[in-house]
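Here's query_21.csv, which has CSV, C-alpha atoms:
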```csv
chain,number,residue,atom,x,y,z
A,1,ALA,CA,51.0,37.0,-41.1
A,2,SER,CA,52.8,36.6,-37.7
A,3,ALA,CA,53.5,40.4,-37.5
A,4,ALA,CA,49.8,41.1,-38.2
A,5,ALA,CA,48.9,38.7,-35.5
A,6,GLU,CA,51.2,40.4,-33.0
A,7,GLU,CA,49.7,43.8,-33.9
A,8,MET,CA,46.2,42.4,-33.3
A,9,ASP,CA,47.2,40.8,-30.0
A,10,PRO,CA,50.1,42.4,-28.0
A,11,ARG,CA,50.9,39.1,-26.3
A,12,GLY,CA,52.5,37.8,-29.4
A,13,PRO,CA,52.0,34.4,-31.2
A,14,LEU,CA,49.7,31.9,-29.6
A,15,LEU,CA,52.6,29.5,-29.1
A,16,GLU,CA,54.2,31.9,-26.7
A,17,TRP,CA,51.2,32.3,-24.5
A,18,SER,CA,51.2,30.9,-21.0
A,19,SER,CA,48.4,28.6,-19.7
A,20,GLU,CA,47.1,31.4,-17.5
A,21,ALA,CA,46.9,33.8,-20.4
A,22,LEU,CA,45.1,31.3,-22.7
A,23,TRP,CA,42.6,30.4,-19.9
A,24,GLU,CA,41.8,34.0,-19.3
A,25,THR,CA,41.3,34.5,-23.0
A,26,LEU,CA,38.9,31.5,-23.1
A,27,ARG,CA,37.0,32.9,-20.1
A,28,ALA,CA,36.6,36.3,-21.8
A,29,GLU,CA,35.5,34.7,-25.1
A,30,VAL,CA,32.8,32.5,-23.3
A,31,ALA,CA,31.5,35.5,-21.4
A,32,ARG,CA,31.3,37.6,-24.6
A,33,LYS,CA,29.7,35.0,-26.8
A,34,PHE,CA,27.4,33.1,-24.4
A,35,ASP,CA,27.1,35.5,-21.4
A,36,PHE,CA,28.3,32.7,-19.1
A,37,GLU,CA,31.0,33.1,-16.4
A,38,VAL,CA,33.4,30.2,-16.1
A,39,SER,CA,34.1,30.2,-12.4
A,40,GLU,CA,36.5,27.1,-12.4
A,41,ASP,CA,40.2,27.7,-12.9
A,42,ALA,CA,42.5,25.7,-15.2
A,43,ALA,CA,43.8,23.6,-12.3
A,44,GLY,CA,40.3,22.6,-11.3
A,45,VAL,CA,39.4,21.5,-14.8
A,46,LEU,CA,42.6,19.5,-15.0
A,47,ARG,CA,41.8,17.7,-11.7
A,48,ARG,CA,38.2,17.0,-12.7
A,49,LEU,CA,38.8,15.8,-16.3
A,50,GLY,CA,42.2,14.3,-16.1
A,51,LYS,CA,45.3,14.7,-18.3
A,52,MET,CA,44.6,12.1,-21.0
A,53,PRO,CA,41.1,13.2,-22.0
A,54,LEU,CA,42.3,16.8,-22.4
A,55,LEU,CA,45.2,15.8,-24.6
A,56,ARG,CA,43.0,13.6,-26.7
A,57,ALA,CA,40.4,16.3,-27.2
A,58,LEU,CA,43.1,18.9,-28.1
A,59,ALA,CA,44.7,16.5,-30.6
A,60,GLN,CA,41.4,15.7,-32.3
A,61,ARG,CA,40.2,19.3,-32.5
A,62,VAL,CA,43.3,20.8,-34.1
A,63,GLY,CA,44.7,17.8,-36.0
A,64,LEU,CA,47.8,17.0,-34.0
A,65,GLN,CA,49.7,13.8,-33.4
A,66,LEU,CA,51.8,14.3,-30.3
A,67,VAL,CA,54.9,12.5,-29.2
A,68,ALA,CA,54.2,9.9,-26.5
A,69,ARG,CA,55.7,11.2,-23.3
A,70,GLU,CA,54.6,12.5,-19.9
A,71,TYR,CA,53.2,16.1,-20.2
A,72,ASP,CA,53.0,18.5,-17.4
A,73,LEU,CA,49.8,20.3,-18.2
A,74,ALA,CA,50.1,22.5,-15.2
A,75,ALA,CA,53.3,24.1,-16.5
A,76,ALA,CA,53.3,27.5,-18.1
A,77,HIS,CA,54.2,26.0,-21.5
A,78,PRO,CA,53.2,22.3,-21.5
A,79,LEU,CA,53.7,21.8,-25.2
A,80,ALA,CA,56.7,22.7,-27.4
A,81,PRO,CA,57.1,22.6,-31.2
A,82,GLU,CA,59.2,19.4,-30.9
A,83,ASP,CA,56.3,17.6,-29.2
A,84,ILE,CA,54.3,17.7,-32.5
A,85,HIS,CA,55.0,14.5,-34.4
A,86,GLN,CA,52.6,15.0,-37.3
A,87,LEU,CA,49.8,17.2,-38.5
A,88,PHE,CA,46.6,15.9,-40.2
A,89,PRO,CA,43.7,17.7,-41.7
A,90,VAL,CA,40.5,18.1,-39.7
A,91,ALA,CA,37.6,18.1,-42.3
A,92,ARG,CA,33.9,17.9,-42.1
A,93,GLY,CA,32.2,15.3,-44.2
A,94,THR,CA,28.6,14.4,-45.0
A,95,VAL,CA,27.0,11.1,-44.4
A,96,ALA,CA,24.3,10.1,-46.9
A,97,PRO,CA,21.2,9.5,-44.8
A,98,CYS,CA,18.6,6.9,-45.5
A,99,ARG,CA,15.3,8.5,-44.3
A,100,ASP,CA,13.1,5.4,-44.3
A,101,ALA,CA,15.7,3.3,-42.4
A,102,SER,CA,16.4,6.1,-39.9
A,103,GLU,CA,12.7,6.5,-39.2
A,104,GLN,CA,12.4,2.7,-38.7
A,105,LEU,CA,15.3,2.7,-36.3
A,106,ALA,CA,13.8,5.6,-34.3
A,107,LEU,CA,10.5,3.8,-34.1
A,108,GLY,CA,12.1,0.6,-33.0
A,109,LYS,CA,13.9,2.3,-30.1
A,110,GLN,CA,10.6,3.9,-29.0
A,111,LEU,CA,8.9,0.5,-29.1
A,112,VAL,CA,11.7,-1.0,-27.0
A,113,GLN,CA,11.2,1.7,-24.4
A,114,ALA,CA,7.5,1.1,-24.5
A,115,GLY,CA,8.0,-2.7,-23.8
A,116,GLU,CA,6.5,-3.8,-27.2
A,117,LEU,CA,9.4,-6.2,-27.9
A,118,GLN,CA,7.9,-8.2,-30.7
A,119,ARG,CA,7.0,-5.1,-32.7
A,120,ALA,CA,10.4,-3.6,-32.0
A,121,PHE,CA,12.1,-6.8,-33.1
A,122,ASP,CA,10.3,-6.7,-36.5
A,123,VAL,CA,10.8,-3.0,-37.0
A,124,LEU,CA,14.5,-3.1,-36.2
A,125,HIS,CA,15.1,-6.1,-38.5
A,126,GLU,CA,13.4,-4.1,-41.3
A,127,ALA,CA,15.6,-1.1,-40.5
A,128,LEU,CA,18.7,-3.2,-40.6
A,129,ALA,CA,17.8,-4.7,-44.0
A,130,LEU,CA,17.2,-1.2,-45.4
A,131,PHE,CA,20.6,0.0,-44.1
A,132,HIS,CA,22.3,-3.0,-45.7
A,133,GLN,CA,20.5,-2.3,-49.0
A,134,THR,CA,21.1,1.4,-49.2
A,135,CYS,CA,24.3,2.1,-47.2
A,136,GLY,CA,26.0,-1.3,-47.1
A,137,PRO,CA,27.0,-3.3,-44.0
A,138,MET,CA,29.5,-0.8,-42.7
A,139,HIS,CA,27.4,2.1,-41.5
A,140,VAL,CA,27.1,3.8,-38.1
A,141,GLN,CA,23.3,3.5,-37.9
A,142,GLY,CA,23.5,-0.1,-38.9
A,143,ALA,CA,25.7,-0.6,-35.9
A,144,GLN,CA,23.1,1.2,-33.8
A,145,CYS,CA,20.5,-1.3,-35.2
A,146,TYR,CA,22.6,-4.2,-34.0
A,147,GLY,CA,22.9,-2.6,-30.6
A,148,ALA,CA,19.2,-2.0,-30.3
A,149,LEU,CA,18.4,-5.6,-31.4
A,150,ALA,CA,20.9,-6.9,-28.8
A,151,MET,CA,18.8,-5.1,-26.1
A,152,VAL,CA,15.6,-6.6,-27.6
A,153,TYR,CA,17.2,-10.1,-27.4
A,154,TYR,CA,18.4,-9.4,-23.9
A,155,SER,CA,14.8,-8.4,-22.8
A,156,MET,CA,13.5,-11.6,-24.5
A,157,GLN,CA,16.1,-13.7,-22.5
A,158,ASP,CA,17.9,-14.8,-25.6
A,159,LEU,CA,21.3,-13.9,-24.2
A,160,GLY,CA,23.4,-15.7,-26.8
A,161,SER,CA,21.9,-13.8,-29.6
A,162,ALA,CA,22.1,-10.5,-27.7
A,163,LEU,CA,25.9,-11.1,-27.2
A,164,SER,CA,26.4,-11.9,-30.9
A,165,TYR,CA,24.5,-8.9,-32.2
A,166,GLN,CA,26.2,-6.5,-29.8
A,167,GLN,CA,29.6,-7.9,-30.9
A,168,LYS,CA,28.7,-7.2,-34.6
A,169,GLY,CA,27.8,-3.6,-33.7
A,170,ILE,CA,31.1,-3.1,-31.9
A,171,VAL,CA,33.1,-4.4,-34.9
A,172,ILE,CA,31.4,-1.9,-37.2
A,173,LEU,CA,31.9,1.0,-34.8
A,174,GLU,CA,35.5,0.2,-34.3
A,175,ARG,CA,36.2,0.2,-38.0
A,176,ILE,CA,34.2,3.4,-38.8
A,177,SER,CA,34.4,5.6,-35.7
A,178,ALA,CA,37.7,4.2,-34.3
A,179,TRP,CA,38.2,2.0,-31.2
A,180,ASP,CA,38.1,5.0,-28.8
A,181,ASP,CA,34.5,6.1,-29.6
A,182,PRO,CA,32.0,6.5,-26.8
A,183,GLU,CA,29.6,4.2,-28.5
A,184,VAL,CA,32.3,1.5,-28.5
A,185,ALA,CA,32.7,1.9,-24.7
A,186,LEU,CA,28.9,1.6,-24.3
A,187,GLY,CA,28.9,-1.6,-26.4
A,188,TYR,CA,31.5,-3.2,-24.3
A,189,GLY,CA,29.5,-2.4,-21.2
A,190,ASN,CA,26.5,-4.1,-22.7
A,191,MET,CA,28.6,-7.1,-23.6
A,192,ALA,CA,29.7,-7.3,-20.0
A,193,LEU,CA,26.0,-7.3,-18.9
A,194,PHE,CA,25.1,-10.1,-21.3
A,195,SER,CA,28.1,-12.2,-20.3
A,196,HIS,CA,27.3,-11.7,-16.6
A,197,CYS,CA,23.7,-12.9,-17.2
A,198,LEU,CA,25.2,-16.0,-19.0
A,199,GLN,CA,27.3,-16.6,-15.8
A,200,HIS,CA,30.5,-15.9,-17.7
A,201,ASN,CA,31.7,-13.7,-15.0
A,202,ARG,CA,35.4,-13.7,-15.8
A,203,ARG,CA,34.7,-12.7,-19.4
A,204,ALA,CA,32.3,-10.1,-18.2
A,205,LEU,CA,35.1,-8.5,-16.1
A,206,ILE,CA,37.3,-8.4,-19.1
A,207,TYR,CA,34.7,-6.6,-21.1
A,208,ILE,CA,33.9,-4.1,-18.3
A,209,LYS,CA,37.6,-3.4,-17.8
A,210,ARG,CA,37.8,-2.5,-21.5
A,211,ALA,CA,34.8,-0.2,-21.3
A,212,GLU,CA,36.3,1.4,-18.2
A,213,TYR,CA,39.6,2.0,-19.9
A,214,LEU,CA,37.9,3.6,-22.9
A,215,LEU,CA,35.8,5.9,-20.7
A,216,HIS,CA,38.8,7.0,-18.7
A,217,LEU,CA,40.5,7.9,-22.0
A,218,ILE,CA,37.5,9.7,-23.5
A,219,CYS,CA,35.9,11.5,-20.6
A,220,GLY,CA,38.1,11.0,-17.5
A,221,PRO,CA,37.8,9.0,-14.3
A,222,ASN,CA,35.1,11.2,-12.8
A,223,HIS,CA,32.3,10.8,-15.4
A,224,PRO,CA,28.9,9.4,-14.2
A,225,ASP,CA,29.2,6.6,-16.8
A,226,VAL,CA,32.3,5.5,-15.1
A,227,ALA,CA,30.3,5.3,-11.8
A,228,ALA,CA,27.7,3.2,-13.5
A,229,LEU,CA,30.4,0.8,-14.7
A,230,HIS,CA,31.8,0.6,-11.2
A,231,ILE,CA,28.4,-0.4,-9.9
A,232,ASN,CA,28.1,-3.1,-12.5
A,233,THR,CA,31.6,-4.3,-11.7
A,234,ALA,CA,30.7,-4.5,-8.0
A,235,MET,CA,27.6,-6.7,-8.9
A,236,ILE,CA,29.8,-9.1,-10.8
A,237,HIS,CA,32.2,-9.3,-7.8
A,238,LEU,CA,29.3,-9.9,-5.5
A,239,ASP,CA,28.3,-12.9,-7.5
A,240,LEU,CA,31.9,-14.2,-7.3
A,241,HIS,CA,31.7,-13.6,-3.4
A,242,HIS,CA,34.4,-10.9,-3.6
A,243,VAL,CA,32.5,-8.6,-1.2
A,244,LYS,CA,35.4,-6.4,-0.1
A,245,THR,CA,36.4,-5.8,-3.7
A,246,ALA,CA,32.8,-4.9,-4.6
A,247,LEU,CA,32.6,-2.4,-1.7
A,248,ARG,CA,35.7,-0.7,-3.0
A,249,TYR,CA,34.1,-0.2,-6.4
A,250,LEU,CA,30.8,0.9,-4.8
A,251,HIS,CA,32.6,3.5,-2.7
A,252,ARG,CA,34.3,4.9,-5.9
A,253,ALA,CA,30.9,5.1,-7.7
A,254,LEU,CA,29.3,6.8,-4.7
A,255,THR,CA,32.1,9.4,-4.6
A,256,ILE,CA,31.8,10.1,-8.3
A,257,ASN,CA,28.0,10.5,-8.2
A,258,GLU,CA,28.0,12.7,-5.2
A,259,THR,CA,30.8,14.9,-6.7
A,260,MET,CA,29.5,15.2,-10.2
A,261,LEU,CA,25.7,14.8,-9.9
A,262,GLY,CA,25.1,15.9,-6.3
A,263,GLU,CA,24.0,14.2,-3.1
A,264,ASP,CA,20.3,14.3,-4.1
A,265,HIS,CA,20.4,12.5,-7.5
A,266,VAL,CA,18.8,9.2,-8.7
A,267,SER,CA,22.2,7.8,-9.5
A,268,THR,CA,23.5,8.6,-6.0
A,269,ALA,CA,20.5,6.8,-4.6
A,270,THR,CA,21.3,3.8,-6.8
A,271,SER,CA,24.9,3.8,-5.4
A,272,TYR,CA,23.5,3.8,-1.8
A,273,HIS,CA,21.2,0.8,-2.7
A,274,ALA,CA,24.0,-1.2,-4.2
A,275,THR,CA,26.1,-0.5,-1.2
A,276,ALA,CA,23.3,-1.7,1.1
A,277,VAL,CA,23.0,-5.0,-0.8
A,278,ALA,CA,26.8,-5.6,-0.5
A,279,LEU,CA,26.8,-4.7,3.3
A,280,SER,CA,23.9,-7.2,3.8
A,281,MET,CA,26.0,-9.9,2.3
A,282,MET,CA,28.7,-9.1,4.9
A,283,ARG,CA,26.1,-9.6,7.7
A,284,ALA,CA,26.3,-5.8,8.4
A,285,ALA,CA,22.5,-5.4,8.4
A,286,PRO,CA,22.4,-2.2,10.4
A,287,LEU,CA,24.7,-0.4,8.0
A,288,ALA,CA,22.8,-1.8,5.1
A,289,ALA,CA,19.5,-0.4,6.5
A,290,LYS,CA,21.2,3.0,7.0
A,291,ASN,CA,22.4,3.1,3.4
A,292,GLU,CA,19.0,2.0,2.1
A,293,GLN,CA,17.3,4.6,4.2
A,294,ARG,CA,19.4,7.3,2.5
A,295,CYS,CA,18.4,5.8,-0.8
A,296,TYR,CA,14.7,6.0,0.2
A,297,ASP,CA,15.0,9.6,1.3
A,298,ILE,CA,16.5,10.7,-2.0
A,299,LEU,CA,14.0,8.8,-4.1
A,300,ARG,CA,11.0,10.0,-2.1
A,301,ALA,CA,12.1,13.6,-2.4
A,302,LEU,CA,12.6,13.3,-6.1
A,303,LEU,CA,9.8,10.9,-7.2
A,304,GLY,CA,7.1,11.0,-4.5
A,305,GLU,CA,5.6,8.3,-2.3
A,306,ASP,CA,3.6,6.6,-5.0
A,307,ASP,CA,6.6,5.8,-7.3
A,308,PRO,CA,7.3,2.0,-7.6
A,309,ARG,CA,11.0,2.6,-6.9
A,310,VAL,CA,10.3,4.4,-3.7
A,311,GLN,CA,8.0,1.6,-2.5
A,312,GLU,CA,10.6,-1.0,-3.4
A,313,SER,CA,13.2,0.9,-1.5
A,314,HIS,CA,10.8,0.9,1.5
A,315,ARG,CA,10.5,-2.9,1.3
A,316,TRP,CA,14.3,-3.2,1.2
A,317,ILE,CA,14.5,-1.1,4.4
A,318,LEU,CA,12.0,-3.4,6.2
A,319,GLN,CA,14.0,-6.4,5.1
A,320,PHE,CA,17.4,-5.0,6.2
A,321,SER,CA,15.9,-3.8,9.5
A,322,ALA,CA,14.4,-7.3,10.2
A,323,ARG,CA,17.8,-8.8,9.5
A,324,ALA,CA,19.5,-6.3,11.9
A,325,LYS,CA,17.0,-7.2,14.7
A,326,LEU,CA,17.6,-10.9,14.1
A,327,GLN,CA,21.3,-10.5,14.2
A,328,ALA,CA,21.0,-8.5,17.4
A,329,GLN,CA,18.9,-11.2,19.0
A,330,GLN,CA,21.4,-13.9,18.0
A,331,ASN,CA,24.3,-12.0,19.5
A,332,LYS,CA,22.4,-11.7,22.8
A,333,LEU,CA,21.7,-15.5,22.8
A,334,LEU,CA,25.4,-16.3,22.4
A,335,PRO,CA,26.7,-16.6,25.9
A,336,LEU,CA,30.4,-16.4,26.7
A,337,GLN,CA,31.9,-19.6,28.0
A,338,ASP,CA,35.2,-19.3,29.9
A,339,ASP,CA,38.1,-21.4,28.5
A,340,SER,CA,41.2,-22.5,30.2
A,341,ASP,CA,43.0,-19.2,29.6
A,342,GLY,CA,40.2,-17.2,31.1
A,343,LYS,CA,39.2,-15.7,27.8
A,344,GLY,CA,35.6,-15.6,26.7
A,345,THR,CA,34.7,-17.7,23.6
A,346,LEU,CA,31.4,-17.7,21.7
A,347,LYS,CA,29.3,-20.7,22.4
A,348,PRO,CA,27.4,-21.8,19.2
A,349,ILE,CA,23.6,-21.9,19.3
```

Target format structure tokens, applied to this file:
Amino acid sequence: ASAAAEEMDPRGPLLEWSSEALWETLRAEVARKFDFEVSEDAAGVLRRLGKMPLLRALAQRVGLQLVAREYDLAAAHPLAPEDIHQLFPVARGTVAPCRDASEQLALGKQLVQAGELQRAFDVLHEALALFHQTCGPMHVQGAQCYGALAMVYYSMQDLGSALSYQQKGIVILERISAWDDPEVALGYGNMALFSHCLQHNRRALIYIKRAEYLLHLICGPNHPDVAALHINTAMIHLDLHHVKTALRYLHRALTINETMLGEDHVSTATSYHATAVALSMMRAAPLAAKNEQRCYDILRALLGEDDPRVQESHRWILQFSARAKLQAQQNKLLPLQDDSDGKGTLKPI
């Protein structure tokens, strides 16, 4: 079989290929099948995604269990036969669907988005009962029901029930889909939100750190979901009056959004607004107004003048500008009073 493979491909067995040869083969295959040109090189993909997500995706796709060590993915041959600890089969399975329950779940999510919370509450509870009767308590869509009900409870200001239902959904997902599933990371982010609303800020930071770790492992540090988590982390630190720490997280979020989504994106505007709020808490009203102006320009270009978010951003600009003028007037009214050393000191108003 190996001789036949070598005849088919003069470069020899796949294990002997270099990273450059494999990447060029992938480029040619994508261009042939999908008529799409991959302009990014292998080093750029590695920088953008990170080492751990690539290794994780490779191991899951081909059924490898690798030895835990530091791998140099930029090397010509990053993996060797002795790095493979174990092989396991990658098989496709079928999940028996429950049509009635799935339709109820989809309807409940639509009602939540439409704001009809009471109807969504009844429909989602009915869907959850159907899933329990037909598929048992350990089912992926049952976990989705728990998550949707958690958001309904959150919207109804029943934060304790929201936290409890979200926790049940995470337990099911961790047992069925493994602990490093993207839905698990989303669930921990929601638990951080609910804990923060309950004023359990320390616990919220623990949950959000767990979600951030999982997202770094799954999709790398430059994913937009990581930027959203950074913004939520910054808001928690602002409530704890850790303004400098919050600004560091907001700067990371803004960098990710501008790099991955572009400078004229709604998420980038959200980063500018959160940064403006943090700067206003540091009594840096002129900088806050400048960041909010950037947010307003992005939203106005994307959504138009009549959108409620654009009008709200305009009100924030007026508020920050008024604070900046007030601070400037206060600074002018603070005369310098000479002390014994001849240095000027600020005289309180």

Practice task
Work out how far CA of Leu217 in chain A is from CA of Cys145 in chain A, in Å to one decimal.
Solution key: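 Interatomic distance, CA of Cys145 in chain A to CA of Leu217 in chain A: 25.7 Å.
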
Exercise for the section: Could you please determine the separation between CA of Tyr146 in chain A and CA of Gly189 in chain A in Å, to one decimal place? Expected result: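 If I compute the distance from CA of Tyr146 in chain A to CA of Gly189 in chain A, I get 14.7 Å.
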
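Between CA of Ala192 in chain A and CA of Leu205 in chain A the interatomic distance comes to 6.8 Å.
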
Residues of range 130-237 of chain A that have any atom at most 12 Å from an atom of range 79-97 of chain A: could you tabulate them with the shortest-distance atom pair and the distance in Å to one decimal, using only C-alpha atoms, ordered by chain and increasing number, as a Markdown table?
```
| residue | atom | partner | partner_atom | distance |
| --- | --- | --- | --- | --- |
| A:Leu130 | CA | A:Pro97 | CA | 11.4 |
| A:Phe131 | CA | A:Pro97 | CA | 9.5 |
| A:Thr134 | CA | A:Pro97 | CA | 9.2 |
| A:Cys135 | CA | A:Ala96 | CA | 8.0 |
| A:Gly136 | CA | A:Ala96 | CA | 11.5 |
| A:His139 | CA | A:Val95 | CA | 9.5 |
| A:Val140 | CA | A:Val95 | CA | 9.6 |
| A:Gln141 | CA | A:Pro97 | CA | 9.4 |
| A:Gly142 | CA | A:Pro97 | CA | 11.5 |
| A:Ile176 | CA | A:Val95 | CA | 11.9 |
```

Find the residues near range 258-270 of chain A: any atom within 10 Å, counting only C-alpha atoms, skip ones fewer than 4 places away on the same chain, and give them as a PDB file with C-alpha atoms, in the coordinates of the input.
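Written output follows (out.pdb):
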```pdb
ATOM      1  CA  ARG A  48      38.200  17.000 -12.700  1.00  0.00           C
ATOM      2  CA  ASN A 222      35.100  11.200 -12.800  1.00  0.00           C
ATOM      3  CA  HIS A 223      32.300  10.800 -15.400  1.00  0.00           C
ATOM      4  CA  PRO A 224      28.900   9.400 -14.200  1.00  0.00           C
ATOM      5  CA  ALA A 227      30.300   5.300 -11.800  1.00  0.00           C
ATOM      6  CA  ALA A 228      27.700   3.200 -13.500  1.00  0.00           C
ATOM      7  CA  ILE A 231      28.400  -0.400  -9.900  1.00  0.00           C
ATOM      8  CA  ALA A 253      30.900   5.100  -7.700  1.00  0.00           C
ATOM      9  CA  LEU A 254      29.300   6.800  -4.700  1.00  0.00           C
ATOM     10  CA  ALA A 274      24.000  -1.200  -4.200  1.00  0.00           C
ATOM     11  CA  THR A 275      26.100  -0.500  -1.200  1.00  0.00           C
ATOM     12  CA  ALA A 276      23.300  -1.700   1.100  1.00  0.00           C
ATOM     13  CA  ASN A 291      22.400   3.100   3.400  1.00  0.00           C
ATOM     14  CA  GLU A 292      19.000   2.000   2.100  1.00  0.00           C
ATOM     15  CA  GLN A 293      17.300   4.600   4.200  1.00  0.00           C
ATOM     16  CA  ARG A 294      19.400   7.300   2.500  1.00  0.00           C
ATOM     17  CA  CYS A 295      18.400   5.800  -0.800  1.00  0.00           C
ATOM     18  CA  TYR A 296      14.700   6.000   0.200  1.00  0.00           C
ATOM     19  CA  ASP A 297      15.000   9.600   1.300  1.00  0.00           C
ATOM     20  CA  ILE A 298      16.500  10.700  -2.000  1.00  0.00           C
ATOM     21  CA  LEU A 299      14.000   8.800  -4.100  1.00  0.00           C
ATOM     22  CA  ALA A 301      12.100  13.600  -2.400  1.00  0.00           C
ATOM     23  CA  LEU A 302      12.600  13.300  -6.100  1.00  0.00           C
ATOM     24  CA  LEU A 303       9.800  10.900  -7.200  1.00  0.00           C
ATOM     25  CA  SER A 313      13.200   0.900  -1.500  1.00  0.00           C
TER      26      SER A 313
END
```
